[in-house]
Amino acid sequence: MPVKVRAERLSKVFGDSPGAALEMLDGGASKDEILRETGNVVAVSEVRFDIEEGEIFMVMGLSGSGKSTLVRCLNRLIEPTCGDVLIDGENILAVDEGRVRELRRTKMSMVFQHFALFPHKSVRENVEFGLKIRGAAPAERGAAALDTLRLVGLEDWAEHYPASLSGGMQQRVGLARALATDPGILLMDEAFSALDPLIRRDMQDELLDLQRKVRKTIVFITHDFHEALKLGDRIAMMRDGKIVQVGPPEEIVSRPADDYVVDFTRDIDRGRVFSCASIMRKIPPLQLGKDTLDTATRRMRQESRDALHVVDGEGRPRGIVHAGAIARSVQAGEPDLADALLDGFPTTPETARIADLYTMCGDGLPIAVLDSRGAYAGVLMPLDILTKLTPDVPDPGTRRAMP
Amino acid sequence: MSDPSDLFLLPLEDWIQTAVEWVVANWRPVFQAIRWPISYTLDGLEAALQGIPYLVVVIAMFAIAWRTAGWRTGVFSIAAMLFIGFLGLWDKAMTTLAIVFTAVVFCVIVGLPLGIMAGRSDRFWSWLRPVLDVMQTTPSFVYLVPVVMLFGIGTVPGVIATIIFSLPPLIRLTNLGLRQVRTEVVEAGLAFGSTRWQLLKEVQFPLALPTIMAGLNQTLLLAMVMSVIAAMIGAEGLGLTVLRGIGRLDVGLAAIGGISIALLAIILDRVTQALGQARRDGPPVERRSWLAMTLGSRPRPGGTPATGENDSSRGPSERFSKGGG
Ligand SMILES: Nc1ncnc2c1ncn2[C@@H]1O[C@H](COP(=O)(O)OP(=O)(O)O)[C@@H](O)[C@H]1O
Ligand SMILES: [Mg+2]
């Protein structure tokens, strides 16, 4: 995937002597020290990241950590103090005002925390806004607005005014307004933070749904770690203007970079964060027709396990063999691996969350993880799952699961 | 007895005298140029108001008051206008209205752009604000002296003094209205690539309109007040009636002049207040149609029929679009 948005050493200092503040920043001074000595606020501090096309990139941090400032630097609603922002490879800090407007009209749009709808315009006029600014003819932009409203399920509300809509509906209008210009990039600043929890959850589901259809590059700001975990392909953890860690949700949770991140991960439902793929062990299976009782015994010793899955020629799991069963087969003089096979064994798709496996764990059997084609991808031990759910126990499986 | 002037007497009095004389002598064409459009507008309006049969004026006032402020104000305005007529002050009332309307028109032409500039530039506002403070704390008749020196006496100089006196609230409230538009909403406008002009036209101005209307209301009432004081430099109308009554110690004459002015002021206040209020509280559909008219965009199918019959609010609103353009 090509890089859609890139930030390079991006900083924003509010105050009247940003030069002095930047110098102190270079010297390694903290936000507090700089505020004390120069009176300037370092809102964003030497941030760098690459956001790939089609990715949902979450920026997560406490209030005041500089998230809103950062996202506004990406479309120059706030002028960065220094650094680079590249949109499709074009440095938008080097171009003139006209070009910035052009970029805002065509390449990116924004969704706001408090919706920021135009109260004097109807829902349709709100959604049309970007197209009108771009100079589209009334008929054309009206049709486009209705199409976009259909996408968010509000086509019947086109002629109503924002004031008569509920919060959730208003934000759907905000979303439609941002989508109507068909931009490649959506900037969403705490877009769901002002909504009630239940509505918020619906909107999150809807956004994921929508994203499957429209495939935008989304920069989503949030202070809600659950939201970050649920929506994000990757999460950037922000503290005092700095990004302290970037990575996929599982990585943030399983290997938090510092205490700040650990604090967020403490009270989350880990079962919902980790997918089976992210914690399974990739232990090679035995192969029907190739492996014998002998090789099976040797492999078990190698992997120091007392059971292994057995797959057929297509890689599909056929059963599981236990060390005990092999011993019995050998005693009974049955040389074939197939005779030692136990075929009642649990399986799960690799995209499933481990929260879905709790009942399976009860059996105590190893769970075969299947990829999208139904082939064996790895194995999950019930114990692995349980250790994953408790944050502070060192987990030997993690290293191998996520290289 | 001694005072500081024994030590040193600052000859500011002479300096100002000299400066004003110099300005009068050398800037004459400039003041003539300022005079001309005002005089033109005033004459036109006055001729129109005096020329139209009084019944038409009364009915028009009723229609405007009824459509904007409701039937009570409508009925009140009929009664008030007829009452003024029965006092024998109809012509003078029309002249006063012409003076006030002319002043308001020029206040809008000057004040709206200044207010908009102030609302969009902190630097301009920090420069303009002390000027407005001085203007608003200066006693009204103090304006009269320089106006007389620069423009002479008569109704037109009276209008000029009225304009200067009643201008500040419109500028202030236009500035305030623009600044009150929520940051996030302005950001939304900009995030979609608006130019500054598009932002003003599509977002800031429509949202500031209720506040601007409140400013217009204040400006109009101040113009009413000043039109009376301007009689001291020869402005005609009801003010002159009051002034004459006072001069001759004719309490009756002064009183009927004063009552007429008060009645006119009440009508104009109600109407302009209602204009601002309707924008604020009215159902969105109605609000839209009014805005659509104000901003000159076509009403859409599916809009309300109110657009067509709302003629009454068109008068004041058109002045806005002129001033904004
Ligand atoms: N216009 C501004 N002037 C001065 N300081 C600002 C301004 N905007 C934001 N800040 C400061 O910058 C920091 C980051 O703010 P913000 O980006 O709004 O954080 P967040 O969105 O994460 O809550 C805060 O300390 C805030 O006080
Ligand atoms: Mg914020």
# chains A, B, ... in the order shown; residues from 1 in each chain; ligands from 1
call {"tool": "residues_near_ligand", "arguments": {"ligand": "ligand 2", "cutoff": "7 Å", "atoms": "only C-alpha atoms and all ligand atoms", "output": "PDB file with N, CA, C and O atoms, in the first residue's frame"}}
result
ATOM      1  N   SER A  63      -6.861  14.435  26.918  1.00  0.00           N
ATOM      2  CA  SER A  63      -7.197  15.786  26.490  1.00  0.00           C
ATOM      3  C   SER A  63      -6.004  16.706  26.736  1.00  0.00           C
ATOM      4  O   SER A  63      -5.339  16.618  27.765  1.00  0.00           O
ATOM      5  N   GLY A  64      -5.714  17.544  25.745  1.00  0.00           N
ATOM      6  CA  GLY A  64      -4.576  18.448  25.857  1.00  0.00           C
ATOM      7  C   GLY A  64      -3.279  17.864  25.336  1.00  0.00           C
ATOM      8  O   GLY A  64      -2.247  18.522  25.371  1.00  0.00           O
ATOM      9  N   LYS A  67      -3.849  16.315  20.062  1.00  0.00           N
ATOM     10  CA  LYS A  67      -4.452  15.571  18.955  1.00  0.00           C
ATOM     11  C   LYS A  67      -5.144  16.499  17.951  1.00  0.00           C
ATOM     12  O   LYS A  67      -4.937  16.375  16.743  1.00  0.00           O
ATOM     13  N   SER A  68      -5.958  17.402  18.477  1.00  0.00           N
ATOM     14  CA  SER A  68      -6.687  18.297  17.576  1.00  0.00           C
ATOM     15  C   SER A  68      -5.726  19.170  16.786  1.00  0.00           C
ATOM     16  O   SER A  68      -5.927  19.426  15.600  1.00  0.00           O
ATOM     17  N   ASP A 189     -11.975  14.430  13.977  1.00  0.00           N
ATOM     18  CA  ASP A 189     -11.499  14.891  15.277  1.00  0.00           C
ATOM     19  C   ASP A 189     -12.535  14.564  16.351  1.00  0.00           C
ATOM     20  O   ASP A 189     -13.514  15.276  16.501  1.00  0.00           O
ATOM     21  N   GLU A 190     -12.301  13.494  17.099  1.00  0.00           N
ATOM     22  CA  GLU A 190     -13.222  13.077  18.163  1.00  0.00           C
ATOM     23  C   GLU A 190     -14.648  13.035  17.651  1.00  0.00           C
ATOM     24  O   GLU A 190     -15.576  13.479  18.336  1.00  0.00           O
TER      25      GLU A 190
END
call {"tool": "residues_around", "arguments": {"residues": "Ile92 in chain A", "least_positions_apart": "5", "cutoff": "10 Å", "atoms": "only C-alpha atoms", "output": "PyMOL selection string"}}
result
chain A and resi 73-76+84-87+97+99-100+103
call {"tool": "write_last_selection", "arguments": {"atoms": "C-alpha atoms", "output": "compact mmCIF listing (two decimals), in the first residue's frame"}}
result
# COMPACT_ATOMS: atom_id res chain seq x y z
CA CYS A 73 -1.82 20.60 10.84
CA LEU A 74 -2.62 17.95 8.25
CA ASN A 75 -4.97 20.27 6.37
CA ARG A 76 -3.29 23.46 7.54
CA ASP A 84 6.67 18.49 6.67
CA VAL A 85 3.30 17.07 5.80
CA LEU A 86 3.16 15.04 2.61
CA ILE A 87 -0.16 14.19 1.04
CA GLU A 97 -2.91 29.20 -0.24
CA ARG A 99 -3.23 25.03 -3.69
CA VAL A 100 -4.13 24.34 -0.05
CA LEU A 103 -6.35 20.10 -1.67
call {"tool": "residues_near_ligand", "arguments": {"ligand": "ligand 1", "cutoff": "8 Å", "atoms": "only C-alpha atoms and all ligand atoms", "output": "PyMOL selection string"}}
result
chain A and resi 13-15+40-44+61-70+189+223+240-241
call {"tool": "atom_distance", "arguments": {"atom1": "CA of Ser39 in chain B", "atom2": "CA of Leu144 in chain B"}}
result
17.5 Å
call {"tool": "residues_around", "arguments": {"residues": "Thr347 in chain A", "least_positions_apart": "4", "cutoff": "6 Å", "atoms": "only C-alpha atoms", "output": "NGL selection string"}}
result
:A and (367-369)
call {"tool": "write_last_selection", "arguments": {"atoms": "all heavy atoms", "output": "compact mmCIF listing (two decimals), in the first residue's frame"}}
result
# COMPACT_ATOMS: atom_id res chain seq x y z
N ILE A 367 -6.77 -25.65 20.36
CA ILE A 367 -7.71 -25.18 19.34
C ILE A 367 -6.94 -24.93 18.05
O ILE A 367 -5.94 -24.21 18.04
CB ILE A 367 -8.40 -23.88 19.80
CG1 ILE A 367 -9.15 -24.15 21.11
CG2 ILE A 367 -9.32 -23.35 18.74
CD1 ILE A 367 -9.57 -22.88 21.84
N ALA A 368 -7.41 -25.52 16.95
CA ALA A 368 -6.76 -25.29 15.66
C ALA A 368 -7.26 -23.98 15.07
O ALA A 368 -8.46 -23.73 15.03
CB ALA A 368 -7.07 -26.44 14.70
N VAL A 369 -6.34 -23.11 14.66
CA VAL A 369 -6.72 -21.83 14.06
C VAL A 369 -6.66 -21.97 12.55
O VAL A 369 -5.64 -22.41 12.00
CB VAL A 369 -5.78 -20.71 14.53
CG1 VAL A 369 -6.19 -19.38 13.92
CG2 VAL A 369 -5.77 -20.63 16.05
call {"tool": "atom_distance", "arguments": {"atom1": "CA of Ser121 in chain B", "atom2": "CA of Leu178 in chain B"}}
result
10.7 Å
call {"tool": "closest_residue", "arguments": {"among": "B:Val203, B:Val271, B:Leu221, B:Ala230", "to": "chain A", "atoms": "only C-alpha atoms"}}
result
B:Val203
call {"tool": "closest_atom_pairs", "arguments": {"of": "chain A", "to": "chain B", "cutoff": "9 Å", "atoms": "only C-alpha atoms", "output": "JSON lines"}}
result
{"residue": "A:Asn75", "atom": "CA", "partner": "B:Ala191", "partner_atom": "CA", "distance": 7.3}
{"residue": "A:Arg76", "atom": "CA", "partner": "B:Ala191", "partner_atom": "CA", "distance": 8.8}
{"residue": "A:Leu77", "atom": "CA", "partner": "B:Ala191", "partner_atom": "CA", "distance": 7.0}
{"residue": "A:Gly98", "atom": "CA", "partner": "B:Thr195", "partner_atom": "CA", "distance": 8.8}
{"residue": "A:Val100", "atom": "CA", "partner": "B:Gly193", "partner_atom": "CA", "distance": 7.7}
{"residue": "A:Arg101", "atom": "CA", "partner": "B:Gly193", "partner_atom": "CA", "distance": 4.4}
{"residue": "A:Glu102", "atom": "CA", "partner": "B:Gly193", "partner_atom": "CA", "distance": 6.6}
{"residue": "A:Leu103", "atom": "CA", "partner": "B:Gly193", "partner_atom": "CA", "distance": 7.6}
{"residue": "A:Arg104", "atom": "CA", "partner": "B:Gly193", "partner_atom": "CA", "distance": 4.9}
{"residue": "A:Arg105", "atom": "CA", "partner": "B:Gly193", "partner_atom": "CA", "distance": 5.0}
{"residue": "A:Thr106", "atom": "CA", "partner": "B:Phe192", "partner_atom": "CA", "distance": 8.5}
{"residue": "A:Met108", "atom": "CA", "partner": "B:Phe192", "partner_atom": "CA", "distance": 8.1}
{"residue": "A:Ser109", "atom": "CA", "partner": "B:Phe192", "partner_atom": "CA", "distance": 6.2}
{"residue": "A:Met110", "atom": "CA", "partner": "B:Ala191", "partner_atom": "CA", "distance": 6.4}
{"residue": "A:Val111", "atom": "CA", "partner": "B:Ala188", "partner_atom": "CA", "distance": 8.0}
{"residue": "A:Phe112", "atom": "CA", "partner": "B:Glu184", "partner_atom": "CA", "distance": 7.2}
{"residue": "A:Gln113", "atom": "CA", "partner": "B:Glu184", "partner_atom": "CA", "distance": 8.5}
{"residue": "A:His114", "atom": "CA", "partner": "B:Glu184", "partner_atom": "CA", "distance": 7.7}
{"residue": "A:Phe115", "atom": "CA", "partner": "B:Glu184", "partner_atom": "CA", "distance": 8.2}
{"residue": "A:Ala116", "atom": "CA", "partner": "B:Val185", "partner_atom": "CA", "distance": 4.6}
{"residue": "A:Leu117", "atom": "CA", "partner": "B:Val185", "partner_atom": "CA", "distance": 6.6}
{"residue": "A:Phe118", "atom": "CA", "partner": "B:Val185", "partner_atom": "CA", "distance": 6.8}
{"residue": "A:Pro119", "atom": "CA", "partner": "B:Leu207", "partner_atom": "CA", "distance": 8.0}
{"residue": "A:His120", "atom": "CA", "partner": "B:Arg288", "partner_atom": "CA", "distance": 6.6}
{"residue": "A:Lys121", "atom": "CA", "partner": "B:Arg288", "partner_atom": "CA", "distance": 7.3}
{"residue": "A:Ser122", "atom": "CA", "partner": "B:Arg288", "partner_atom": "CA", "distance": 8.3}
{"residue": "A:Phe129", "atom": "CA", "partner": "B:Phe192", "partner_atom": "CA", "distance": 7.8}
{"residue": "A:Gly130", "atom": "CA", "partner": "B:Phe192", "partner_atom": "CA", "distance": 5.3}
{"residue": "A:Leu131", "atom": "CA", "partner": "B:Phe192", "partner_atom": "CA", "distance": 8.7}
{"residue": "A:Ile133", "atom": "CA", "partner": "B:Ser194", "partner_atom": "CA", "distance": 5.9}
{"residue": "A:Arg134", "atom": "CA", "partner": "B:Gly193", "partner_atom": "CA", "distance": 7.7}
{"residue": "A:Glu159", "atom": "CA", "partner": "B:Gly302", "partner_atom": "CA", "distance": 8.1}
{"residue": "A:His160", "atom": "CA", "partner": "B:Val285", "partner_atom": "CA", "distance": 8.2}
{"residue": "A:Tyr161", "atom": "CA", "partner": "B:Pro284", "partner_atom": "CA", "distance": 6.4}
{"residue": "A:Ala163", "atom": "CA", "partner": "B:Pro284", "partner_atom": "CA", "distance": 8.2}
{"residue": "A:Ser164", "atom": "CA", "partner": "B:Pro284", "partner_atom": "CA", "distance": 9.0}
{"residue": "A:Ala178", "atom": "CA", "partner": "B:Phe192", "partner_atom": "CA", "distance": 8.3}
{"residue": "A:Thr181", "atom": "CA", "partner": "B:Phe192", "partner_atom": "CA", "distance": 8.8}
call {"tool": "residues_around", "arguments": {"residues": "range 199-210 of chain A", "least_positions_apart": "6", "cutoff": "8 Å", "atoms": "only C-alpha atoms", "output": "PDB file with all heavy atoms, in the first residue's frame"}}
result
ATOM      1  N   LEU A 151     -26.233   6.807   1.651  1.00  0.00           N
ATOM      2  CA  LEU A 151     -25.148   5.990   2.202  1.00  0.00           C
ATOM      3  C   LEU A 151     -25.198   5.955   3.736  1.00  0.00           C
ATOM      4  O   LEU A 151     -24.879   4.952   4.357  1.00  0.00           O
ATOM      5  CB  LEU A 151     -23.817   6.588   1.739  1.00  0.00           C
ATOM      6  CG  LEU A 151     -22.592   5.705   1.634  1.00  0.00           C
ATOM      7  CD1 LEU A 151     -22.829   4.557   0.683  1.00  0.00           C
ATOM      8  CD2 LEU A 151     -21.400   6.541   1.175  1.00  0.00           C
ATOM      9  N   GLY A 168     -26.735  11.704  17.036  1.00  0.00           N
ATOM     10  CA  GLY A 168     -26.213  10.679  16.144  1.00  0.00           C
ATOM     11  C   GLY A 168     -26.513  10.986  14.686  1.00  0.00           C
ATOM     12  O   GLY A 168     -25.663  10.836  13.810  1.00  0.00           O
ATOM     13  N   PHE A 192     -16.953  10.950  17.430  1.00  0.00           N
ATOM     14  CA  PHE A 192     -18.042  10.297  18.159  1.00  0.00           C
ATOM     15  C   PHE A 192     -18.021  10.617  19.655  1.00  0.00           C
ATOM     16  O   PHE A 192     -18.835  10.113  20.414  1.00  0.00           O
ATOM     17  CB  PHE A 192     -17.970   8.773  17.965  1.00  0.00           C
ATOM     18  CG  PHE A 192     -18.002   8.342  16.522  1.00  0.00           C
ATOM     19  CD1 PHE A 192     -17.372   7.184  16.104  1.00  0.00           C
ATOM     20  CD2 PHE A 192     -18.661   9.113  15.570  1.00  0.00           C
ATOM     21  CE1 PHE A 192     -17.408   6.788  14.776  1.00  0.00           C
ATOM     22  CE2 PHE A 192     -18.699   8.733  14.237  1.00  0.00           C
ATOM     23  CZ  PHE A 192     -18.071   7.569  13.835  1.00  0.00           C
ATOM     24  N   SER A 193     -17.100  11.451  20.076  1.00  0.00           N
ATOM     25  CA  SER A 193     -16.935  11.683  21.514  1.00  0.00           C
ATOM     26  C   SER A 193     -18.131  12.370  22.149  1.00  0.00           C
ATOM     27  O   SER A 193     -18.373  12.211  23.344  1.00  0.00           O
ATOM     28  CB  SER A 193     -15.688  12.526  21.773  1.00  0.00           C
ATOM     29  OG  SER A 193     -14.554  11.834  21.319  1.00  0.00           O
ATOM     30  N   GLU A 227     -12.415   2.841  21.747  1.00  0.00           N
ATOM     31  CA  GLU A 227     -12.720   3.242  20.379  1.00  0.00           C
ATOM     32  C   GLU A 227     -11.509   3.036  19.479  1.00  0.00           C
ATOM     33  O   GLU A 227     -11.606   2.530  18.369  1.00  0.00           O
ATOM     34  CB  GLU A 227     -13.152   4.707  20.357  1.00  0.00           C
ATOM     35  CG  GLU A 227     -13.589   5.216  19.009  1.00  0.00           C
ATOM     36  CD  GLU A 227     -14.325   6.540  19.134  1.00  0.00           C
ATOM     37  OE1 GLU A 227     -13.661   7.582  19.297  1.00  0.00           O
ATOM     38  OE2 GLU A 227     -15.563   6.527  19.099  1.00  0.00           O
ATOM     39  N   LEU A 231     -11.671   0.557  16.255  1.00  0.00           N
ATOM     40  CA  LEU A 231     -11.668   1.083  14.889  1.00  0.00           C
ATOM     41  C   LEU A 231     -10.312   0.989  14.204  1.00  0.00           C
ATOM     42  O   LEU A 231     -10.229   0.907  12.991  1.00  0.00           O
ATOM     43  CB  LEU A 231     -12.118   2.554  14.887  1.00  0.00           C
ATOM     44  CG  LEU A 231     -13.518   2.854  15.401  1.00  0.00           C
ATOM     45  CD1 LEU A 231     -13.778   4.358  15.343  1.00  0.00           C
ATOM     46  CD2 LEU A 231     -14.554   2.117  14.576  1.00  0.00           C
TER      47      LEU A 231
END
